[in-house]
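Next comes model-v4.txt, a file with compact mmCIF, N, CA and C atoms and all ligand atoms.
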```txt
# COMPACT_ATOMS: atom_id res chain seq x y z
N MET A 1212 7.59 7.02 -24.58
CA MET A 1212 7.24 8.13 -23.67
C MET A 1212 8.37 8.38 -22.67
N THR A 1213 8.69 9.61 -22.48
CA THR A 1213 9.62 9.96 -21.40
C THR A 1213 8.87 10.72 -20.33
N VAL A 1214 9.44 10.70 -19.16
CA VAL A 1214 8.76 11.35 -18.04
C VAL A 1214 9.12 12.82 -18.01
N ASN A 1215 8.14 13.63 -17.72
CA ASN A 1215 8.34 15.07 -17.65
C ASN A 1215 8.80 15.56 -16.29
N LEU A 1216 8.95 14.63 -15.35
CA LEU A 1216 9.34 15.05 -14.02
C LEU A 1216 10.79 15.52 -14.02
N THR A 1217 11.07 16.56 -13.26
CA THR A 1217 12.46 17.00 -13.15
C THR A 1217 13.18 16.08 -12.16
N LEU A 1218 14.51 16.11 -12.22
CA LEU A 1218 15.29 15.26 -11.32
C LEU A 1218 14.98 15.56 -9.86
N SER A 1219 14.78 16.83 -9.56
CA SER A 1219 14.53 17.16 -8.16
C SER A 1219 13.13 16.71 -7.73
N GLU A 1220 12.20 16.70 -8.68
CA GLU A 1220 10.86 16.17 -8.36
C GLU A 1220 10.95 14.67 -8.08
N VAL A 1221 11.70 13.97 -8.94
CA VAL A 1221 11.87 12.52 -8.74
C VAL A 1221 12.56 12.26 -7.41
N ALA A 1222 13.59 13.06 -7.10
CA ALA A 1222 14.31 12.89 -5.84
C ALA A 1222 13.38 13.10 -4.65
N ALA A 1223 12.47 14.07 -4.77
CA ALA A 1223 11.52 14.33 -3.69
C ALA A 1223 10.56 13.15 -3.52
N PHE A 1224 10.12 12.56 -4.65
CA PHE A 1224 9.24 11.39 -4.58
C PHE A 1224 9.97 10.21 -3.94
N LYS A 1225 11.23 10.06 -4.30
CA LYS A 1225 12.02 8.96 -3.77
C LYS A 1225 12.14 9.09 -2.25
N LYS A 1226 12.42 10.30 -1.81
CA LYS A 1226 12.54 10.57 -0.38
C LYS A 1226 11.23 10.23 0.34
N GLU A 1227 10.13 10.69 -0.28
CA GLU A 1227 8.80 10.45 0.29
C GLU A 1227 8.50 8.94 0.36
N LEU A 1228 8.87 8.21 -0.70
CA LEU A 1228 8.62 6.77 -0.74
C LEU A 1228 9.44 6.03 0.32
N LEU A 1229 10.68 6.47 0.49
CA LEU A 1229 11.53 5.82 1.49
C LEU A 1229 11.00 6.07 2.90
N ARG A 1230 10.48 7.27 3.11
CA ARG A 1230 9.90 7.62 4.41
C ARG A 1230 8.66 6.75 4.66
N LEU A 1231 7.84 6.63 3.63
CA LEU A 1231 6.62 5.85 3.71
C LEU A 1231 6.95 4.38 4.01
N LEU A 1232 7.99 3.89 3.34
CA LEU A 1232 8.41 2.51 3.49
C LEU A 1232 8.83 2.23 4.93
N GLU A 1233 9.58 3.16 5.49
CA GLU A 1233 10.04 3.00 6.86
C GLU A 1233 8.86 2.98 7.83
N GLN A 1234 7.91 3.87 7.57
CA GLN A 1234 6.71 3.96 8.41
C GLN A 1234 5.90 2.67 8.32
N LEU A 1235 5.77 2.14 7.10
CA LEU A 1235 5.00 0.91 6.90
C LEU A 1235 5.67 -0.28 7.59
N ARG A 1236 7.01 -0.31 7.51
CA ARG A 1236 7.72 -1.41 8.15
C ARG A 1236 7.52 -1.37 9.65
N ALA A 1237 7.50 -0.18 10.23
CA ALA A 1237 7.25 -0.03 11.66
C ALA A 1237 5.85 -0.51 11.98
N GLU A 1238 4.89 -0.20 11.10
CA GLU A 1238 3.50 -0.62 11.34
C GLU A 1238 3.36 -2.14 11.25
N VAL A 1239 4.09 -2.74 10.32
CA VAL A 1239 4.05 -4.20 10.20
C VAL A 1239 4.64 -4.84 11.46
N ASP A 1240 5.74 -4.27 11.96
CA ASP A 1240 6.33 -4.78 13.20
C ASP A 1240 5.30 -4.73 14.32
N GLU A 1241 4.56 -3.62 14.37
CA GLU A 1241 3.53 -3.45 15.38
C GLU A 1241 2.42 -4.49 15.21
N ASP A 1242 2.00 -4.68 13.94
CA ASP A 1242 0.97 -5.67 13.63
C ASP A 1242 1.40 -7.05 14.13
N LEU A 1243 2.66 -7.40 13.82
CA LEU A 1243 3.17 -8.72 14.18
C LEU A 1243 3.22 -8.89 15.70
N GLU A 1244 3.62 -7.81 16.36
CA GLU A 1244 3.70 -7.85 17.82
C GLU A 1244 2.31 -8.08 18.42
N GLN A 1245 1.33 -7.32 17.90
CA GLN A 1245 -0.04 -7.46 18.43
C GLN A 1245 -0.59 -8.84 18.13
N GLN A 1246 -0.26 -9.35 16.96
CA GLN A 1246 -0.74 -10.66 16.58
C GLN A 1246 -0.15 -11.73 17.50
N ALA A 1247 1.14 -11.56 17.82
CA ALA A 1247 1.79 -12.49 18.73
C ALA A 1247 1.12 -12.43 20.10
N ASN A 1248 0.75 -11.21 20.51
CA ASN A 1248 0.06 -11.05 21.79
C ASN A 1248 -1.27 -11.77 21.79
N ILE A 1249 -2.03 -11.57 20.71
CA ILE A 1249 -3.37 -12.17 20.63
C ILE A 1249 -3.26 -13.69 20.62
N SER A 1250 -2.38 -14.22 19.75
CA SER A 1250 -2.34 -15.68 19.65
C SER A 1250 -1.60 -16.30 20.83
N GLY A 1251 -0.80 -15.47 21.56
CA GLY A 1251 -0.09 -16.00 22.71
C GLY A 1251 -0.94 -16.05 23.97
N GLN A 1252 -2.09 -15.36 23.92
CA GLN A 1252 -2.95 -15.33 25.10
C GLN A 1252 -3.58 -16.70 25.36
N VAL A 1253 -3.66 -17.02 26.62
CA VAL A 1253 -4.37 -18.24 27.00
C VAL A 1253 -5.85 -17.97 26.73
N PRO A 1254 -6.46 -18.81 25.94
CA PRO A 1254 -7.86 -18.52 25.62
C PRO A 1254 -8.76 -18.59 26.86
N GLU A 1255 -9.26 -17.43 27.24
CA GLU A 1255 -10.17 -17.39 28.38
C GLU A 1255 -11.53 -16.96 27.87
N VAL A 1256 -12.00 -17.73 26.94
CA VAL A 1256 -13.27 -17.40 26.31
C VAL A 1256 -14.40 -18.09 27.06
N HIS A 1257 -15.35 -17.26 27.51
CA HIS A 1257 -16.41 -17.83 28.33
C HIS A 1257 -17.71 -18.05 27.57
N ASP A 1258 -17.93 -17.24 26.58
CA ASP A 1258 -19.14 -17.46 25.80
C ASP A 1258 -18.87 -17.20 24.32
N SER A 1259 -19.85 -17.46 23.52
CA SER A 1259 -19.63 -17.37 22.08
C SER A 1259 -19.43 -15.92 21.63
N ALA A 1260 -20.00 -14.94 22.40
CA ALA A 1260 -19.81 -13.54 22.03
C ALA A 1260 -18.34 -13.16 22.19
N GLU A 1261 -17.73 -13.61 23.29
CA GLU A 1261 -16.31 -13.32 23.51
C GLU A 1261 -15.46 -14.01 22.46
N GLU A 1262 -15.88 -15.21 22.14
CA GLU A 1262 -15.16 -15.97 21.13
C GLU A 1262 -15.19 -15.20 19.80
N ALA A 1263 -16.37 -14.67 19.48
CA ALA A 1263 -16.52 -13.91 18.25
C ALA A 1263 -15.66 -12.66 18.29
N ASP A 1264 -15.63 -11.98 19.44
CA ASP A 1264 -14.80 -10.79 19.59
C ASP A 1264 -13.34 -11.11 19.33
N ALA A 1265 -12.88 -12.21 19.92
CA ALA A 1265 -11.49 -12.60 19.76
C ALA A 1265 -11.18 -12.90 18.30
N ALA A 1266 -12.13 -13.54 17.65
CA ALA A 1266 -11.94 -13.87 16.23
C ALA A 1266 -11.89 -12.59 15.40
N VAL A 1267 -12.76 -11.63 15.74
CA VAL A 1267 -12.78 -10.36 15.00
C VAL A 1267 -11.46 -9.62 15.20
N ASP A 1268 -10.96 -9.57 16.44
CA ASP A 1268 -9.68 -8.93 16.71
C ASP A 1268 -8.59 -9.53 15.86
N PHE A 1269 -8.60 -10.84 15.83
CA PHE A 1269 -7.57 -11.54 15.08
C PHE A 1269 -7.66 -11.22 13.59
N MET A 1270 -8.89 -11.25 13.08
CA MET A 1270 -9.10 -10.96 11.66
C MET A 1270 -8.64 -9.54 11.31
N LEU A 1271 -8.94 -8.59 12.23
CA LEU A 1271 -8.55 -7.20 11.98
C LEU A 1271 -7.03 -7.09 11.90
N GLN A 1272 -6.35 -7.83 12.77
CA GLN A 1272 -4.89 -7.84 12.76
C GLN A 1272 -4.35 -8.40 11.45
N VAL A 1273 -4.95 -9.51 11.03
CA VAL A 1273 -4.51 -10.14 9.79
C VAL A 1273 -4.74 -9.20 8.61
N GLU A 1274 -5.91 -8.55 8.62
CA GLU A 1274 -6.24 -7.63 7.54
C GLU A 1274 -5.28 -6.46 7.50
N SER A 1275 -4.99 -5.92 8.68
CA SER A 1275 -4.10 -4.78 8.77
C SER A 1275 -2.71 -5.17 8.27
N LEU A 1276 -2.28 -6.35 8.66
CA LEU A 1276 -0.97 -6.83 8.23
C LEU A 1276 -0.91 -7.01 6.71
N SER A 1277 -1.96 -7.59 6.16
CA SER A 1277 -1.91 -7.83 4.72
C SER A 1277 -2.03 -6.52 3.95
N ARG A 1278 -2.79 -5.56 4.49
CA ARG A 1278 -2.88 -4.26 3.83
C ARG A 1278 -1.52 -3.56 3.85
N HIS A 1279 -0.87 -3.60 5.02
CA HIS A 1279 0.44 -2.97 5.12
C HIS A 1279 1.47 -3.64 4.22
N SER A 1280 1.41 -4.98 4.12
CA SER A 1280 2.36 -5.68 3.24
C SER A 1280 2.14 -5.27 1.79
N GLU A 1281 0.87 -5.11 1.43
CA GLU A 1281 0.55 -4.69 0.06
C GLU A 1281 1.12 -3.30 -0.21
N GLU A 1282 0.96 -2.41 0.78
CA GLU A 1282 1.45 -1.04 0.61
C GLU A 1282 2.98 -1.03 0.50
N ILE A 1283 3.63 -1.92 1.25
CA ILE A 1283 5.09 -2.03 1.15
C ILE A 1283 5.49 -2.47 -0.26
N ALA A 1284 4.78 -3.46 -0.79
CA ALA A 1284 5.07 -3.93 -2.14
C ALA A 1284 4.89 -2.80 -3.16
N GLU A 1285 3.84 -1.97 -2.95
CA GLU A 1285 3.60 -0.85 -3.87
C GLU A 1285 4.73 0.17 -3.79
N CYS A 1286 5.19 0.42 -2.56
CA CYS A 1286 6.31 1.34 -2.35
C CYS A 1286 7.56 0.84 -3.05
N LEU A 1287 7.85 -0.44 -2.86
CA LEU A 1287 9.06 -1.01 -3.45
C LEU A 1287 9.00 -0.96 -4.97
N SER A 1288 7.81 -1.24 -5.53
CA SER A 1288 7.77 -1.23 -6.99
C SER A 1288 7.84 0.20 -7.51
N ALA A 1289 7.35 1.18 -6.75
CA ALA A 1289 7.51 2.58 -7.16
C ALA A 1289 8.99 2.97 -7.14
N LEU A 1290 9.71 2.51 -6.11
CA LEU A 1290 11.15 2.79 -6.03
C LEU A 1290 11.90 2.13 -7.18
N GLU A 1291 11.46 0.93 -7.54
CA GLU A 1291 12.07 0.24 -8.69
C GLU A 1291 11.84 1.05 -9.97
N ARG A 1292 10.62 1.61 -10.09
CA ARG A 1292 10.33 2.41 -11.29
C ARG A 1292 11.20 3.66 -11.32
N ILE A 1293 11.49 4.22 -10.14
CA ILE A 1293 12.38 5.38 -10.08
C ILE A 1293 13.76 4.98 -10.60
N GLU A 1294 14.27 3.85 -10.11
CA GLU A 1294 15.59 3.38 -10.55
C GLU A 1294 15.60 3.09 -12.05
N ALA A 1295 14.50 2.54 -12.55
CA ALA A 1295 14.42 2.17 -13.96
C ALA A 1295 14.13 3.37 -14.86
N GLY A 1296 13.81 4.51 -14.24
CA GLY A 1296 13.53 5.71 -15.01
C GLY A 1296 12.12 5.75 -15.57
N SER A 1297 11.27 4.85 -15.10
CA SER A 1297 9.91 4.83 -15.63
C SER A 1297 8.89 5.33 -14.61
N PHE A 1298 9.39 5.91 -13.51
CA PHE A 1298 8.47 6.44 -12.51
C PHE A 1298 7.65 7.57 -13.10
N GLY A 1299 6.34 7.55 -12.81
CA GLY A 1299 5.48 8.61 -13.32
C GLY A 1299 4.78 8.22 -14.61
N LEU A 1300 5.16 7.04 -15.15
CA LEU A 1300 4.46 6.54 -16.33
C LEU A 1300 3.50 5.43 -15.92
N CYS A 1301 2.33 5.44 -16.54
CA CYS A 1301 1.34 4.43 -16.25
C CYS A 1301 1.85 3.06 -16.69
N THR A 1302 1.74 2.06 -15.82
CA THR A 1302 2.25 0.73 -16.17
C THR A 1302 1.34 0.04 -17.19
N ASP A 1303 0.14 0.56 -17.38
CA ASP A 1303 -0.77 -0.05 -18.35
C ASP A 1303 -0.66 0.58 -19.73
N CYS A 1304 -0.70 1.92 -19.79
CA CYS A 1304 -0.78 2.57 -21.11
C CYS A 1304 0.45 3.40 -21.45
N ASP A 1305 1.44 3.48 -20.52
CA ASP A 1305 2.67 4.23 -20.77
C ASP A 1305 2.48 5.74 -20.87
N GLU A 1306 1.28 6.21 -20.60
CA GLU A 1306 1.06 7.65 -20.59
C GLU A 1306 1.53 8.19 -19.24
N GLU A 1307 1.78 9.51 -19.21
CA GLU A 1307 2.19 10.08 -17.93
C GLU A 1307 1.06 10.10 -16.92
N ILE A 1308 1.41 9.79 -15.70
CA ILE A 1308 0.44 9.88 -14.61
C ILE A 1308 0.38 11.35 -14.19
N GLU A 1309 -0.83 11.84 -13.94
CA GLU A 1309 -1.00 13.23 -13.57
C GLU A 1309 -0.14 13.56 -12.34
N LEU A 1310 0.56 14.69 -12.37
CA LEU A 1310 1.44 15.06 -11.27
C LEU A 1310 0.67 15.21 -9.95
N SER A 1311 -0.54 15.76 -10.06
CA SER A 1311 -1.34 15.95 -8.85
C SER A 1311 -1.67 14.59 -8.22
N ARG A 1312 -1.88 13.60 -9.09
CA ARG A 1312 -2.19 12.24 -8.61
C ARG A 1312 -0.96 11.65 -7.92
N LEU A 1313 0.21 11.83 -8.53
CA LEU A 1313 1.44 11.31 -7.92
C LEU A 1313 1.73 11.98 -6.58
N LYS A 1314 1.42 13.26 -6.54
CA LYS A 1314 1.68 13.99 -5.28
C LYS A 1314 0.77 13.46 -4.18
N ALA A 1315 -0.46 13.15 -4.54
CA ALA A 1315 -1.40 12.63 -3.55
C ALA A 1315 -1.06 11.19 -3.20
N CYS A 1316 -0.50 10.46 -4.16
CA CYS A 1316 -0.26 9.03 -3.98
C CYS A 1316 0.99 8.63 -4.77
N PRO A 1317 2.18 8.78 -4.16
CA PRO A 1317 3.43 8.52 -4.91
C PRO A 1317 3.58 7.08 -5.35
N THR A 1318 2.79 6.17 -4.78
CA THR A 1318 2.91 4.77 -5.17
C THR A 1318 2.02 4.44 -6.37
N ALA A 1319 1.25 5.42 -6.87
CA ALA A 1319 0.34 5.17 -7.98
C ALA A 1319 1.10 4.62 -9.19
N ALA A 1320 0.65 3.48 -9.69
CA ALA A 1320 1.34 2.84 -10.82
C ALA A 1320 0.57 3.07 -12.11
N ARG A 1321 -0.66 3.54 -11.99
CA ARG A 1321 -1.50 3.72 -13.18
C ARG A 1321 -2.03 5.14 -13.24
N CYS A 1322 -2.31 5.61 -14.45
CA CYS A 1322 -2.99 6.88 -14.60
C CYS A 1322 -4.43 6.70 -14.14
N ILE A 1323 -5.12 7.80 -13.97
CA ILE A 1323 -6.45 7.74 -13.38
C ILE A 1323 -7.41 6.92 -14.26
N ARG A 1324 -7.25 7.01 -15.59
CA ARG A 1324 -8.13 6.26 -16.49
C ARG A 1324 -7.93 4.77 -16.32
N CYS A 1325 -6.65 4.33 -16.34
CA CYS A 1325 -6.37 2.90 -16.22
C CYS A 1325 -6.72 2.39 -14.83
N GLN A 1326 -6.49 3.23 -13.81
CA GLN A 1326 -6.82 2.81 -12.45
C GLN A 1326 -8.33 2.57 -12.32
N THR A 1327 -9.11 3.50 -12.89
CA THR A 1327 -10.56 3.37 -12.83
C THR A 1327 -11.01 2.09 -13.55
N ARG A 1328 -10.41 1.86 -14.73
CA ARG A 1328 -10.74 0.67 -15.49
C ARG A 1328 -10.36 -0.59 -14.71
N HIS A 1329 -9.17 -0.55 -14.10
CA HIS A 1329 -8.67 -1.67 -13.31
C HIS A 1329 -9.61 -1.98 -12.15
N GLU A 1330 -10.06 -0.93 -11.44
CA GLU A 1330 -10.94 -1.15 -10.31
C GLU A 1330 -12.29 -1.71 -10.74
N HIS A 1331 -12.78 -1.24 -11.89
CA HIS A 1331 -14.04 -1.77 -12.41
C HIS A 1331 -13.90 -3.26 -12.73
N ALA A 1332 -12.76 -3.61 -13.33
CA ALA A 1332 -12.50 -5.00 -13.68
C ALA A 1332 -12.46 -5.86 -12.42
N LEU A 1333 -11.83 -5.32 -11.36
CA LEU A 1333 -11.76 -6.05 -10.10
C LEU A 1333 -13.15 -6.27 -9.51
N GLN A 1334 -13.96 -5.22 -9.57
CA GLN A 1334 -15.31 -5.32 -9.02
C GLN A 1334 -16.14 -6.37 -9.76
N LYS A 1335 -15.95 -6.39 -11.08
CA LYS A 1335 -16.72 -7.35 -11.88
C LYS A 1335 -16.32 -8.79 -11.56
N SER A 1336 -14.99 -8.99 -11.36
CA SER A 1336 -14.54 -10.35 -11.10
C SER A 1336 -14.83 -10.78 -9.67
N ALA A 1337 -15.11 -9.80 -8.78
CA ALA A 1337 -15.36 -10.14 -7.37
C ALA A 1337 -16.76 -10.71 -7.18
ZN ZN B 1401 -2.86 4.49 -18.13
```
Write the structure described by the file as structure tokens, please.
Amino acid sequence: MTVNLTLSEVAAFKKELLRLLEQLRAEVDEDLEQQANISGQVPEVHDSAEEADAAVDFMLQVESLSRHSEEIAECLSALERIEAGSFGLCTDCDEEIELSRLKACPTAARCIRCQTRHEHALQKSA
């Protein structure tokens, strides 16, 4: 399978991915800064409700950080696919990913069919 995307379309996706990557890296920096603030605070917890709040804050930070790291990894692998010339092809079935899907989500690695199947598989194993 070859990709039907034109060079200028691929270039536009690359630009978009690089922009996204920069934005995500800034968000990770922010996450890390907030996490440092939270864990650097002297614990002034007076009751279990406050303790729970602090734990929730911390968990939200960790979650946000791990989500952003995942998105960065997706961005990087999409950029790798651009370099390899396989951007726009489903990593599972090698069919072309719908252009509308790529436009909505340039990091998409799978076509909508494989993505749906993948998510179902994840749900079953969870
Ligand atoms: Zn597929």
- Message: Around ligand ZN 1401 (chain B), which protein and nucleic acid residues have at least one atom no more than 6.5 Å from it, if we count only N, CA and C atoms and all ligand atoms? List them as a list in words.
- Response: Cys1301, Thr1302, Asp1303, Cys1304, Asp1305, Glu1306, Arg1321, Cys1322, Ile1323, Arg1324, Cys1325 and Gln1326 of chain A
Write to file, as a CSV table (one decimal), in the coordinates of the input, the residues of the selection just made, with N, CA and C atoms.
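What ended up in out-v6.csv:
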```
chain,number,residue,atom,x,y,z
A,1301,CYS,N,2.3,5.4,-16.5
A,1301,CYS,CA,1.3,4.4,-16.2
A,1301,CYS,C,1.8,3.1,-16.7
A,1302,THR,N,1.7,2.1,-15.8
A,1302,THR,CA,2.2,0.7,-16.2
A,1302,THR,C,1.3,0.0,-17.2
A,1303,ASP,N,0.1,0.6,-17.4
A,1303,ASP,CA,-0.8,0.0,-18.4
A,1303,ASP,C,-0.7,0.6,-19.7
A,1304,CYS,N,-0.7,1.9,-19.8
A,1304,CYS,CA,-0.8,2.6,-21.1
A,1304,CYS,C,0.4,3.4,-21.4
A,1305,ASP,N,1.4,3.5,-20.5
A,1305,ASP,CA,2.7,4.2,-20.8
A,1305,ASP,C,2.5,5.7,-20.9
A,1306,GLU,N,1.3,6.2,-20.6
A,1306,GLU,CA,1.1,7.6,-20.6
A,1306,GLU,C,1.5,8.2,-19.2
A,1321,ARG,N,-0.7,3.5,-12.0
A,1321,ARG,CA,-1.5,3.7,-13.2
A,1321,ARG,C,-2.0,5.1,-13.2
A,1322,CYS,N,-2.3,5.6,-14.4
A,1322,CYS,CA,-3.0,6.9,-14.6
A,1322,CYS,C,-4.4,6.7,-14.1
A,1323,ILE,N,-5.1,7.8,-14.0
A,1323,ILE,CA,-6.4,7.7,-13.4
A,1323,ILE,C,-7.4,6.9,-14.3
A,1324,ARG,N,-7.2,7.0,-15.6
A,1324,ARG,CA,-8.1,6.3,-16.5
A,1324,ARG,C,-7.9,4.8,-16.3
A,1325,CYS,N,-6.6,4.3,-16.3
A,1325,CYS,CA,-6.4,2.9,-16.2
A,1325,CYS,C,-6.7,2.4,-14.8
A,1326,GLN,N,-6.5,3.2,-13.8
A,1326,GLN,CA,-6.8,2.8,-12.4
A,1326,GLN,C,-8.3,2.6,-12.3
```
- Message: Please list as a PyMOL selection string every residue within 8 Å of Glu1238 in chain A, counting all atoms listed in the file and excluding residues in the same chain fewer than 4 positions away.
- Response: chain A and resi 1232-1234+1242-1244+1275-1276+1279-1280
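Minimum atom-to-atom distances from A:Glu1262, A:Leu1333, A:Phe1224, A:Glu1241 to Ala1319 in chain A were compared using only C-alpha atoms, and the lowest value belongs to A:Phe1224.
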- To one decimal in Å, tell me the separation between atom C of Thr1327 in chain A and atom C of Cys1286 in chain A. 21.4 Å
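Nearest to Ser1250 in chain A of all the residues A:Leu1228, A:Glu1294, A:Phe1269, A:Ala1263 is A:Phe1269, counting all atoms listed in the file.
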- Please give the complete set of residues from chain A that DSSP, run on the backbone, assigns to helix (DSSP H, G or I), formatted as an MDAnalysis selection string. chainID A and resid 1218:1251 1259:1295 1310:1315 1323:1336
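Distance annotation: of A:Asp1268, A:Pro1317, A:Val1239, A:Ile1293, the residue with the minimal separation from Glu1227 in chain A is A:Pro1317; atom set is all atoms listed in the file.
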- Message: What does the structure give for the distance between atom C of Ala1237 in chain A and CA of Glu1282 in chain A, in Å to one decimal?
- Response: 12.2 Å
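Here atom N of Ala1260 in chain A and atom N of Ser1277 in chain A stand 25.4 Å from one another.
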- Message: as JSON, numbers by chain, please: the residues near Ser1288 in chain A (cut-off 9 Å, only C-alpha atoms, same-chain neighbours under 4 positions excluded).
- Response: {"A": [1283, 1284, 1292, 1293, 1318, 1320]}
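Among the candidates A:Gly1299, A:Glu1330, A:Ile1249, A:Arg1236, the one nearest to Glu1281 in chain A when counting only C-alpha atoms is A:Arg1236.
Distances to Glu1274 in chain A were evaluated for A:Ser1311, A:Gln1246, A:Ser1259, A:Thr1217 using only C-alpha atoms, and the minimum falls at A:Gln1246.
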- Message: Taking all atoms listed in the file into account, name the residue in A:Gln1334, A:Lys1225, A:Leu1218, A:His1329 that is nearest to Ala1289 in chain A.
- Response: A:Lys1225
